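Trainee: Supplied structure: run.cif, mmCIF, C-alpha atoms.
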```cif
data_start
loop_
_atom_site.label_atom_id
_atom_site.label_comp_id
_atom_site.auth_asym_id
_atom_site.auth_seq_id
_atom_site.Cartn_x
_atom_site.Cartn_y
_atom_site.Cartn_z
CA MET A 1 32.34 29.46 20.38
CA ASN A 2 34.28 26.68 22.14
CA HIS A 3 34.56 22.99 21.19
CA HIS A 4 31.65 22.02 23.40
CA ASP A 5 29.37 24.60 21.78
CA VAL A 6 30.39 23.55 18.29
CA LYS A 7 29.72 19.89 19.01
CA PHE A 8 26.43 20.68 20.71
CA ILE A 9 25.16 22.57 17.66
CA LEU A 10 26.50 20.18 15.03
CA ARG A 11 24.95 17.14 16.67
CA ALA A 12 21.66 18.53 15.34
CA ARG A 13 22.97 18.70 11.76
CA ARG A 14 21.78 15.95 9.45
CA PRO A 15 24.39 14.12 7.39
CA GLY A 16 25.04 15.51 3.93
CA ASP A 17 23.92 18.86 2.58
CA ARG A 18 20.33 18.96 3.76
CA ASP A 19 21.07 21.66 6.32
CA ALA A 20 23.61 23.54 4.25
CA GLN A 21 21.62 26.78 4.35
CA ASP A 22 21.24 26.93 8.11
CA PRO A 23 23.20 29.94 9.46
CA GLN A 24 23.68 28.39 12.90
CA PHE A 25 25.45 25.42 11.39
CA ALA A 26 27.45 27.65 9.06
CA GLU A 27 28.96 29.42 12.04
CA ALA A 28 29.82 26.15 13.76
CA LEU A 29 31.25 24.72 10.55
CA ALA A 30 33.50 27.74 10.22
CA GLU A 31 34.99 26.80 13.57
CA VAL A 32 35.37 23.19 12.44
CA ALA A 33 37.29 24.30 9.37
CA LYS A 34 39.90 25.94 11.60
CA ASP A 35 40.50 22.96 13.86
CA PRO A 36 41.69 19.53 12.59
CA GLN A 37 40.59 17.80 15.79
CA LEU A 38 37.07 19.16 15.45
CA GLN A 39 37.13 18.33 11.77
CA ALA A 40 37.94 14.68 12.51
CA TRP A 41 35.20 14.58 15.15
CA HIS A 42 32.66 16.10 12.77
CA GLU A 43 33.49 13.63 10.01
CA ARG A 44 33.07 10.72 12.43
CA GLU A 45 29.81 12.18 13.70
CA GLN A 46 28.39 12.62 10.21
CA ARG A 47 29.43 9.13 9.10
CA ALA A 48 27.96 7.57 12.22
CA ASP A 49 24.70 9.49 11.79
CA ALA A 50 24.50 8.47 8.15
CA ALA A 51 25.05 4.84 9.13
CA LEU A 52 22.35 5.00 11.79
CA ALA A 53 19.93 6.72 9.40
CA ALA A 54 20.57 3.96 6.85
CA LYS A 55 19.76 1.32 9.46
CA PHE A 56 16.57 3.14 10.36
CA ALA A 57 15.63 3.40 6.68
CA ALA A 58 16.09 -0.36 6.36
CA ILE A 59 13.06 -0.97 8.60
CA ALA A 60 10.29 -1.73 6.14
CA PRO A 61 6.64 -1.01 6.86
CA PRO A 62 4.56 -4.18 7.02
CA PRO A 63 3.09 -5.42 3.74
CA GLY A 64 -0.42 -4.25 3.16
CA LEU A 65 -0.12 -1.04 5.19
CA ARG A 66 0.04 1.21 2.15
CA GLU A 67 -2.99 -0.48 0.59
CA ALA A 68 -4.91 -0.23 3.86
CA ILE A 69 -4.15 3.49 4.11
CA LEU A 70 -5.29 4.17 0.56
CA ALA A 71 -8.43 2.11 0.97
CA GLY A 72 -9.29 3.76 4.25
CA ALA A 73 -8.85 7.23 2.78
CA ARG A 74 -11.09 6.47 -0.16
CA ALA A 75 -13.74 5.44 2.30
CA SER A 76 -13.47 8.68 4.24
CA ARG A 77 -14.07 10.99 1.28
CA PRO A 78 -17.26 13.00 1.38
CA ARG A 79 -20.06 10.99 -0.23
CA PRO A 80 -23.50 11.82 -1.57
CA ALA A 81 -26.16 11.74 1.12
CA GLY A 82 -27.10 8.14 0.44
CA TRP A 83 -23.59 7.01 1.28
CA ARG A 84 -23.15 8.90 4.49
CA HIS A 85 -24.36 6.25 6.86
CA THR A 86 -22.26 3.50 5.41
CA PRO A 87 -18.77 4.93 4.88
CA TRP A 88 -16.95 1.66 5.26
CA LEU A 89 -19.35 -0.14 2.99
CA ALA A 90 -18.57 2.63 0.54
CA ALA A 91 -14.94 1.73 0.97
CA ALA A 92 -15.64 -1.69 -0.35
CA ALA A 93 -17.05 -0.17 -3.48
CA ALA A 94 -14.25 2.32 -3.87
CA VAL A 95 -11.22 0.11 -3.43
CA ALA A 96 -9.60 -1.32 -6.55
CA VAL A 97 -11.71 -3.98 -8.17
CA LEU A 98 -8.97 -6.50 -8.53
CA LEU A 99 -11.24 -9.48 -8.60
CA ALA A 100 -13.17 -8.17 -11.55
CA VAL A 101 -10.64 -9.64 -13.93
CA ALA A 102 -11.61 -13.04 -12.67
CA ALA A 103 -15.23 -12.59 -13.65
CA GLY A 104 -14.85 -14.81 -16.68
CA TRP A 105 -13.86 -17.96 -14.86
CA ARG A 106 -16.18 -17.16 -12.00
CA GLY A 107 -19.10 -17.38 -14.36
CA ARG A 108 -18.06 -20.87 -15.28
CA THR A 109 -17.40 -22.07 -11.74
CA GLU A 110 -20.16 -24.05 -10.12
CA LEU A 111 -20.52 -22.58 -6.67
CA PRO A 112 -21.47 -24.71 -3.68
CA ALA A 113 -25.12 -24.60 -2.67
CA GLY A 114 -26.44 -24.91 0.87
CA ASP A 115 -26.10 -22.81 3.97
CA SER A 116 -22.77 -24.04 5.28
CA PHE A 117 -20.50 -21.18 6.29
CA ALA A 118 -18.02 -22.19 3.58
CA ALA A 119 -20.73 -22.06 0.91
CA ILE A 120 -21.86 -18.65 2.15
CA ALA A 121 -18.30 -17.35 2.11
CA LEU A 122 -17.59 -18.67 -1.37
CA ARG A 123 -20.81 -17.32 -2.82
CA GLU A 124 -20.12 -13.93 -1.22
CA LEU A 125 -16.60 -13.91 -2.56
CA ALA A 126 -17.69 -14.92 -6.05
CA SER A 127 -20.87 -12.97 -6.56
CA ALA A 128 -21.25 -10.03 -4.27
CA HIS A 129 -17.72 -9.16 -3.32
CA GLY A 130 -16.00 -7.59 -6.29
CA ASP A 131 -13.56 -5.61 -4.21
CA HIS A 132 -11.58 -5.62 -0.98
CA ALA A 133 -13.19 -4.03 2.00
CA ALA A 134 -11.13 -1.49 3.91
CA ALA A 135 -11.15 -1.89 7.65
CA PRO A 136 -12.21 1.07 9.80
CA PRO A 137 -9.25 2.69 11.59
CA ALA A 138 -9.95 0.87 14.83
CA LEU A 139 -9.53 -2.43 13.00
CA GLY A 140 -6.62 -1.28 10.88
CA ALA A 141 -4.03 -2.76 13.22
CA LEU A 142 -5.76 -6.12 13.13
CA GLN A 143 -5.96 -6.03 9.35
CA THR A 144 -2.29 -5.09 9.12
CA ARG A 145 -1.32 -7.82 11.58
CA LEU A 146 -3.19 -10.41 9.55
CA ALA A 147 -1.40 -9.19 6.44
CA ALA A 148 2.06 -8.98 7.96
CA ALA A 149 2.16 -12.27 9.85
CA THR A 150 4.21 -15.03 8.34
CA GLY A 151 2.85 -18.06 10.13
CA PRO A 152 -0.57 -19.71 10.16
CA LEU A 153 -3.64 -17.66 10.94
CA PRO A 154 -4.65 -17.83 14.62
CA ASP A 155 -7.81 -19.82 15.25
CA ARG A 156 -9.51 -16.76 16.70
CA ILE A 157 -9.12 -12.99 16.33
CA ASP A 158 -9.11 -10.25 18.95
CA PHE A 159 -12.53 -8.91 18.02
CA GLY A 160 -15.76 -10.85 18.38
CA PRO A 161 -18.84 -10.17 16.25
CA ALA A 162 -20.24 -7.60 18.71
CA GLU A 163 -17.01 -5.60 18.66
CA LEU A 164 -16.74 -5.86 14.88
CA HIS A 165 -20.28 -4.50 14.65
CA ARG A 166 -19.46 -1.67 17.03
CA GLN A 167 -16.34 -0.74 15.04
CA GLY A 168 -18.27 -0.54 11.78
CA CYS A 169 -16.72 -3.55 10.09
CA ARG A 170 -18.20 -4.39 6.69
CA SER A 171 -20.98 -6.94 7.08
CA PHE A 172 -23.89 -8.62 5.34
CA ARG A 173 -26.79 -10.71 6.60
CA VAL A 174 -27.48 -14.30 5.74
CA GLY A 175 -30.40 -16.21 7.23
CA GLY A 176 -30.84 -13.66 9.98
CA ARG A 177 -27.24 -13.67 11.15
CA GLU A 178 -24.70 -10.95 10.57
CA VAL A 179 -21.47 -11.95 8.84
CA PHE A 180 -18.47 -9.63 9.11
CA GLU A 181 -15.66 -9.47 6.60
CA LEU A 182 -12.02 -8.47 6.94
CA CYS A 183 -9.85 -8.49 3.81
CA PHE A 184 -6.08 -8.63 3.88
CA LEU A 185 -3.30 -9.03 1.36
CA ARG A 186 -0.57 -11.44 2.31
CA ALA A 187 2.30 -12.46 0.03
CA GLY A 188 0.42 -11.24 -3.03
CA THR A 189 -2.81 -13.09 -2.29
CA TRP A 190 -6.03 -11.50 -1.10
CA TYR A 191 -7.71 -13.36 1.73
CA HIS A 192 -11.16 -12.71 3.16
CA LEU A 193 -11.91 -13.61 6.74
CA TYR A 194 -15.61 -13.96 7.52
CA VAL A 195 -16.70 -13.90 11.15
CA SER A 196 -20.16 -14.63 12.47
CA PRO A 197 -21.80 -15.60 15.77
CA ALA A 198 -22.52 -19.31 15.89
CA ALA A 199 -24.07 -21.70 18.32
CA GLY A 200 -22.63 -25.12 19.01
CA PRO A 201 -19.34 -26.61 20.09
CA ASP A 202 -15.91 -25.80 18.68
CA GLU A 203 -15.14 -27.39 15.33
CA GLY A 204 -11.88 -28.10 13.56
CA VAL A 205 -10.88 -26.78 10.15
CA ARG A 206 -12.78 -27.95 7.08
CA LEU A 207 -11.79 -27.12 3.53
CA GLU A 208 -14.11 -26.58 0.61
CA SER A 209 -13.29 -25.38 -2.90
CA ALA A 210 -14.88 -24.63 -6.24
CA GLY A 211 -12.37 -24.02 -8.99
CA GLN A 212 -9.96 -21.40 -7.74
CA LEU A 213 -12.32 -20.37 -4.97
CA ALA A 214 -11.45 -22.04 -1.69
CA ALA A 215 -12.68 -21.63 1.87
CA ALA A 216 -11.69 -23.06 5.22
CA THR A 217 -14.13 -22.93 8.09
CA TRP A 218 -13.83 -23.57 11.80
CA ARG A 219 -15.63 -22.63 15.00
CA ARG A 220 -14.15 -21.35 18.26
CA GLY A 221 -15.95 -20.01 21.31
CA ALA A 222 -19.38 -19.48 19.71
CA VAL A 223 -17.84 -17.74 16.73
CA ALA A 224 -17.72 -19.21 13.24
CA TYR A 225 -14.80 -18.31 10.99
CA ALA A 226 -14.39 -18.75 7.25
CA LEU A 227 -11.19 -17.89 5.46
CA ALA A 228 -11.68 -17.61 1.71
CA THR A 229 -9.56 -16.80 -1.31
CA ASP A 230 -9.88 -16.89 -5.06
CA ASP A 231 -6.28 -17.92 -5.43
CA GLY A 232 -6.80 -21.64 -5.02
CA ARG A 233 -6.67 -24.25 -2.32
CA ALA A 234 -2.88 -24.21 -2.02
CA ALA A 235 -2.90 -20.48 -1.20
CA LEU A 236 -5.44 -21.14 1.50
CA GLN A 237 -3.48 -24.00 3.00
CA ARG A 238 -0.45 -21.75 3.43
CA LEU A 239 -2.37 -19.92 6.16
CA LEU A 240 -3.70 -22.96 7.99
CA MET B 241 -2.46 18.03 -10.03
CA LYS B 242 -5.96 16.71 -9.40
CA PRO B 243 -6.94 16.28 -5.73
CA ASP B 244 -7.42 12.56 -6.37
CA ASP B 245 -3.76 12.28 -7.35
CA VAL B 246 -2.42 14.12 -4.32
CA PHE B 247 -3.33 11.63 -1.65
CA PRO B 248 -1.68 8.52 -3.17
CA GLN B 249 1.46 10.57 -3.77
CA LEU B 250 1.42 11.81 -0.22
CA VAL B 251 1.04 8.25 1.05
CA GLU B 252 3.77 6.98 -1.25
CA SER B 253 6.18 9.70 -0.11
CA HIS B 254 5.57 9.65 3.61
CA TYR B 255 4.06 6.43 4.88
CA PRO B 256 7.41 4.63 5.37
CA GLY B 257 8.83 7.56 7.34
CA LEU B 258 5.70 7.98 9.38
CA TYR B 259 5.61 4.26 10.11
CA ARG B 260 9.24 4.31 11.29
CA PHE B 261 8.57 7.30 13.50
CA ALA B 262 5.48 5.57 14.89
CA LEU B 263 7.47 2.38 15.43
CA SER B 264 10.10 4.25 17.41
CA LEU B 265 7.39 5.78 19.59
CA ALA B 266 4.96 2.91 20.02
CA ARG B 267 7.62 0.17 19.98
CA ASN B 268 5.47 -2.44 18.31
CA PRO B 269 4.52 -2.87 14.64
CA ALA B 270 0.77 -3.23 15.20
CA ASP B 271 0.44 0.05 17.10
CA ALA B 272 2.81 1.73 14.65
CA SER B 273 0.67 0.62 11.71
CA ASP B 274 -2.45 1.79 13.49
CA LEU B 275 -0.93 5.19 14.21
CA THR B 276 0.22 5.57 10.61
CA GLN B 277 -3.15 4.58 9.24
CA GLN B 278 -4.95 6.85 11.69
CA THR B 279 -2.75 9.77 10.65
CA PHE B 280 -3.69 9.40 7.00
CA TYR B 281 -7.30 8.88 7.99
CA ILE B 282 -7.21 12.25 9.75
CA TRP B 283 -5.57 13.77 6.69
CA ALA B 284 -8.30 12.35 4.46
CA THR B 285 -11.00 13.83 6.65
CA LYS B 286 -9.38 17.12 7.70
CA GLY B 287 -5.91 17.64 6.33
CA GLN B 288 -6.87 18.23 2.72
CA ALA B 289 -8.10 21.63 3.84
CA LEU B 290 -4.47 22.56 4.54
CA ARG B 291 -3.77 25.48 2.24
CA ASP B 292 -0.01 25.26 2.12
CA ALA B 293 0.80 21.93 0.45
CA GLY B 294 4.45 22.41 1.34
CA LYS B 295 3.57 21.90 4.98
CA ALA B 296 1.88 18.55 4.45
CA LYS B 297 4.90 16.58 5.67
CA THR B 298 5.21 18.51 8.92
CA TRP B 299 1.44 18.33 9.34
CA LEU B 300 1.50 14.54 9.02
CA PHE B 301 4.34 14.07 11.51
CA THR B 302 2.72 16.50 13.94
CA THR B 303 -0.62 14.73 13.64
CA LEU B 304 0.93 11.32 14.20
CA TYR B 305 2.78 12.60 17.23
CA ARG B 306 -0.37 14.17 18.69
CA GLU B 307 -2.28 10.96 18.13
CA PHE B 308 0.44 9.06 19.93
CA LEU B 309 0.31 11.45 22.86
CA ARG B 310 -3.46 11.34 22.92
CA ILE B 311 -3.41 7.56 23.17
CA ARG B 312 -0.68 7.06 25.70
CA ARG B 313 -0.65 8.17 29.29
CA ARG B 314 1.04 11.50 29.58
CA GLU B 315 2.19 10.98 33.13
CA SER B 316 4.71 8.30 32.21
CA ARG B 317 6.26 10.59 29.63
CA VAL B 318 8.46 12.66 31.89
CA THR B 319 12.08 11.64 31.86
CA ALA B 320 14.36 13.97 33.74
CA LEU B 321 17.42 14.99 31.81
CA GLU B 322 19.52 14.45 34.90
CA ASP B 323 18.52 10.78 34.83
CA LEU B 324 21.37 10.25 32.41
CA THR B 325 24.41 8.74 34.01
CA PRO B 326 27.78 10.41 33.59
CA ALA B 327 28.76 7.64 31.19
CA GLU B 328 25.79 8.48 29.02
CA GLN B 329 26.66 12.15 29.08
CA ASP B 330 30.16 11.41 27.87
CA PRO B 331 29.62 8.49 25.51
CA PRO B 332 32.10 6.74 23.29
CA ASP B 333 32.30 8.29 19.84
CA ALA B 334 30.22 6.32 17.42
CA ASP B 335 32.10 4.43 14.76
CA ALA B 336 30.26 4.27 11.44
CA ASP B 337 32.08 1.08 10.44
CA VAL B 338 30.86 -0.62 13.58
CA ILE B 339 27.29 0.57 13.08
CA VAL B 340 27.28 -0.62 9.47
CA LYS B 341 27.99 -4.14 10.70
CA MET B 342 25.09 -4.08 13.14
CA ASP B 343 21.71 -5.55 12.34
CA ALA B 344 19.02 -2.94 11.62
CA GLU B 345 16.68 -4.62 14.10
CA LEU B 346 19.32 -4.35 16.81
CA VAL B 347 19.76 -0.65 16.08
CA LEU B 348 16.00 -0.16 16.20
CA ALA B 349 15.81 -2.07 19.48
CA ALA B 350 18.46 0.24 20.94
CA LEU B 351 16.59 3.30 19.72
CA GLN B 352 13.40 2.03 21.28
CA GLU B 353 15.14 1.76 24.64
CA VAL B 354 16.09 5.43 24.64
CA PRO B 355 13.74 7.32 27.00
CA LEU B 356 10.82 8.79 25.11
CA THR B 357 11.80 12.41 25.73
CA PHE B 358 14.98 11.86 23.73
CA ARG B 359 13.62 9.18 21.40
CA GLU B 360 11.04 11.49 19.86
CA PRO B 361 13.50 13.98 18.36
CA LEU B 362 16.09 11.29 17.72
CA ALA B 363 13.74 9.20 15.58
CA LEU B 364 12.76 12.25 13.55
CA PHE B 365 16.42 13.20 13.19
CA TYR B 366 17.42 9.79 11.84
CA LEU B 367 14.49 9.79 9.46
CA GLN B 368 16.36 12.74 7.93
CA GLU B 369 13.18 14.20 6.52
CA LEU B 370 12.91 17.09 8.95
CA SER B 371 15.41 19.70 10.07
CA TYR B 372 15.89 20.37 13.77
CA LEU B 373 13.70 23.47 13.30
CA GLU B 374 10.90 21.35 11.85
CA ILE B 375 11.38 18.76 14.58
CA ALA B 376 10.90 21.53 17.13
CA ASP B 377 7.66 22.46 15.36
CA VAL B 378 6.38 18.88 15.33
CA LEU B 379 7.17 18.25 18.98
CA GLU B 380 6.20 21.79 20.00
CA VAL B 381 9.29 22.46 22.07
CA PRO B 382 11.85 25.29 21.83
CA ILE B 383 14.74 24.93 19.38
CA GLY B 384 17.35 24.91 22.13
CA THR B 385 15.52 22.09 23.87
CA ILE B 386 15.49 20.07 20.69
CA MET B 387 19.24 20.53 20.24
CA SER B 388 19.81 19.50 23.83
CA ARG B 389 17.60 16.45 23.50
CA LEU B 390 19.27 15.45 20.27
CA ALA B 391 22.72 15.68 21.84
CA ARG B 392 21.67 13.72 24.89
CA GLY B 393 19.59 11.30 22.88
CA LYS B 394 22.56 10.48 20.71
CA ALA B 395 24.66 9.96 23.80
CA HIS B 396 22.09 7.61 25.22
CA LEU B 397 21.68 5.71 21.95
CA ARG B 398 25.40 5.23 21.54
CA ALA B 399 25.74 3.96 25.06
CA LEU B 400 22.98 1.47 24.36
CA LEU B 401 24.50 0.42 21.04
CA ALA B 402 27.85 -0.15 22.71
CA GLN B 403 26.12 -2.17 25.41
CA LYS B 404 24.26 -4.29 22.87
CA ALA B 405 27.37 -4.79 20.83
CA ARG B 406 29.24 -6.03 23.90
CA GLY B 407 26.32 -8.23 24.90
CA GLY B 408 26.30 -9.91 21.54
CA GLU B 409 30.09 -10.34 21.69
CA LEU B 410 30.20 -9.33 18.06
CA ILE B 411 31.74 -5.92 17.97
CA GLU B 412 32.95 -3.25 20.29
CA PHE B 413 33.10 0.47 19.98
CA PRO B 414 36.70 1.63 20.20
CA LYS B 415 37.67 3.30 23.46
CA LYS B 416 37.44 7.05 23.30
CA SER B 417 41.02 7.41 24.48
CA ALA B 418 42.24 5.43 21.49
CA ARG B 419 40.96 8.11 19.14
CA ALA B 420 42.73 11.18 17.86
#
```
Reformat the file's structure so that it appears as structure tokens.

Mentor:
Amino acid sequence: MNHHDVKFILRARRPGDRDAQDPQFAEALAEVAKDPQLQAWHEREQRADAALAAKFAAIAPPPGLREAILAGARASRPRPAGWRHTPWLAAAAAVAVLLAVAAGWRGRTELPAGDSFAAIALRELASAHGDHAAAPPALGALQTRLAAATGPLPDRIDFGPAELHRQGCRSFRVGGREVFELCFLRAGTWYHLYVSPAAGPDEGVRLESAGQLAAATWRRGAVAYALATDDGRAALQRLL
Amino acid sequence: MKPDDVFPQLVESHYPGLYRFALSLARNPADASDLTQQTFYIWATKGQALRDAGKAKTWLFTTLYREFLRIRRRESRVTALEDLTPAEQDPPDADADVIVKMDAELVLAALQEVPLTFREPLALFYLQELSYLEIADVLEVPIGTIMSRLARGKAHLRALLAQKARGGELIEFPKKSARA
């Protein structure tokens, strides 16, 4: 085995002792032990690989990805027959019920009446939505992007109501129109983005709150958006 | 262990590594997240039938890789080994002290510029979770090919790192001739 062969083989050896049992490496390492020049090369190679591996390990997955994976998997478990046609609605029921702890103050909060999109969003958040809906896989990237972004929320998302419907996004109906919901966790706060078809011109952002429940609504390109949270108005404003 | 406990542990153990592998392949965080999530989705629907739990890690990496290949156009994948320039085939030795000073994002950017043929095994190698034998399994190529691609991939990566270091005027890899 010449120097070239030894180097070729040992370039596939991970730093440390992970590959200590591999006979191919053992043979190459025996050659290294006999040659100080090869030994110096091998030490440099291992240190450089360890440094590169450490840099790679420093790349953190985006916040919310782990939660999205777990939520999505819960949704994909086999369900009783009644659940089969609504797997992603089932996800909503299966994901951790974090908001349940807030039930006490919710009961005391006077929720806005009326059929404004903000009122609908707040009532949904307070009364019907006791959990965080997992996005179907096709929407997972969008959900993760919403969670991982650091700046304000864009005034429109990549998917319109028709596409959200096609992808199986969680939805409910109010006054004959379908409202879709995407939940995402950003900086420790759960946000709920409601999307619905809407007639009329574009509208700027309006804020509405009831206790800790807060919603911002706007309209872009025949789509109405409501961003809601139960973490207070200040949390909402951080995304606007 | 109850089946309900297995999945969260599997996610906890492997989602960062899978995400990093996906990021090296897809080259953007959104697609990487999607690939990672899709991989666990497939596990949740099919993978739990895997009888040998010890193979779960390799199964996950293989599934992610297959999903990546399924999504992307295969025809752009081919990168001839002889495309490497002589300088890339005889790169400067890497200096760990120099690499330590580099920003992780810069290192990742360099890795993402390595041609895909070499980037695939290289990313798995630097994850350190799989041996070269397991990497060969995941990528479904012969062991000798993996060793060759690792050697050439490292050469390519180091050339790129040296180039980026020079471009940033921060650090420089020592000349090979200056070494023992």

Trainee: What residues in chain B have any atom no more than 7 Å from chain A when counting all atoms listed in the file, and can you write them as JSON, numbers by chain?

Mentor: {"B": [248, 256, 259, 270, 271, 273, 274, 277, 278, 280, 281, 284, 285, 334, 335, 336, 339, 340, 344, 347, 348, 366, 367, 368, 372, 387, 390, 391]}

Trainee: Name the residues that the PyMOL selection byres ((chain A and resi 189-200) around 7) pulls out of this structure, and write them as a list in words.

Mentor: Ala121, Pro161, Glu178, Val179, Phe180, Glu181, Leu182, Cys183, Phe184, Leu185, Arg186, Ala187, Gly188, Pro201, Asp202, Ala222, Val223, Ala224, Tyr225, Ala226, Leu227, Ala228, Thr229 and Asp231 of chain A

Trainee: Find the residues around Ser264 (chain B) up to 10 Å (all atoms listed in the file counted), leave out those fewer than 3 positions away in its own chain, and share them as a PyMOL selection string.

Mentor: (chain A and resi 56) or (chain B and resi 258-261+267-269+272+348-354+356+359-360+362-364)

Trainee: Please dump the current selection as a compact mmCIF listing (two decimals), in the frame of the given file; keep C-alpha atoms.

Mentor:
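Wrote it out as result-v4.txt, contents follow:
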```
# COMPACT_ATOMS: atom_id res chain seq x y z
CA PHE A 56 16.57 3.14 10.36
CA LEU B 258 5.70 7.98 9.38
CA TYR B 259 5.61 4.26 10.11
CA ARG B 260 9.24 4.31 11.29
CA PHE B 261 8.57 7.30 13.50
CA ARG B 267 7.62 0.17 19.98
CA ASN B 268 5.47 -2.44 18.31
CA PRO B 269 4.52 -2.87 14.64
CA ALA B 272 2.81 1.73 14.65
CA LEU B 348 16.00 -0.16 16.20
CA ALA B 349 15.81 -2.07 19.48
CA ALA B 350 18.46 0.24 20.94
CA LEU B 351 16.59 3.30 19.72
CA GLN B 352 13.40 2.03 21.28
CA GLU B 353 15.14 1.76 24.64
CA VAL B 354 16.09 5.43 24.64
CA LEU B 356 10.82 8.79 25.11
CA ARG B 359 13.62 9.18 21.40
CA GLU B 360 11.04 11.49 19.86
CA LEU B 362 16.09 11.29 17.72
CA ALA B 363 13.74 9.20 15.58
CA LEU B 364 12.76 12.25 13.55
```

Trainee: Just give me the gap between CA of Leu275 (chain B) and CA of Ala262 (chain B) in Å, one decimal is fine.

Mentor: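 A separation of 6.5 Å between them.
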
Trainee: Enter the distance from CA of Arg392 (chain B) to CA of Val6 (chain A), in Å, rounded to one decimal.

Mentor: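 It comes out at 14.7 Å.
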
Trainee: Kindly give the distance, in Å, that separates CA of Gln237 (chain A) and CA of Ala215 (chain A), rounded to a single decimal.

Mentor: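 So the answer is 9.6 Å.
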
Trainee: For a quick check of understanding, using only C-alpha atoms, which of A:Glu208, A:Ala118, A:Arg233, A:Arg238 has the smallest distance to Gly151 (chain A)?

Mentor: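 The closest residue to Gly151 (chain A) is A:Arg238.
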
Trainee: Would you kindly translate the PyMOL selection byres ((chain B and resi 401) around 9) into the concrete residues it picks from this file, as a PyMOL selection string?

Mentor: chain B and resi 334+339+346-347+350-351+396-400+402-406+413

Trainee: Between B:Glu369, B:Trp283, B:Phe308, B:Val381, which is the closest to Val251 (chain B) once you count all atoms listed in the file?

Mentor: B:Trp283

Trainee: Ranking B:Ala395, B:Leu373, B:Thr357, B:Leu379 by minimum distance to Tyr305 (chain B) and counting only C-alpha atoms, which one comes first?

Mentor: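 Distance minimum relative to Tyr305 (chain B) lands on B:Leu379.
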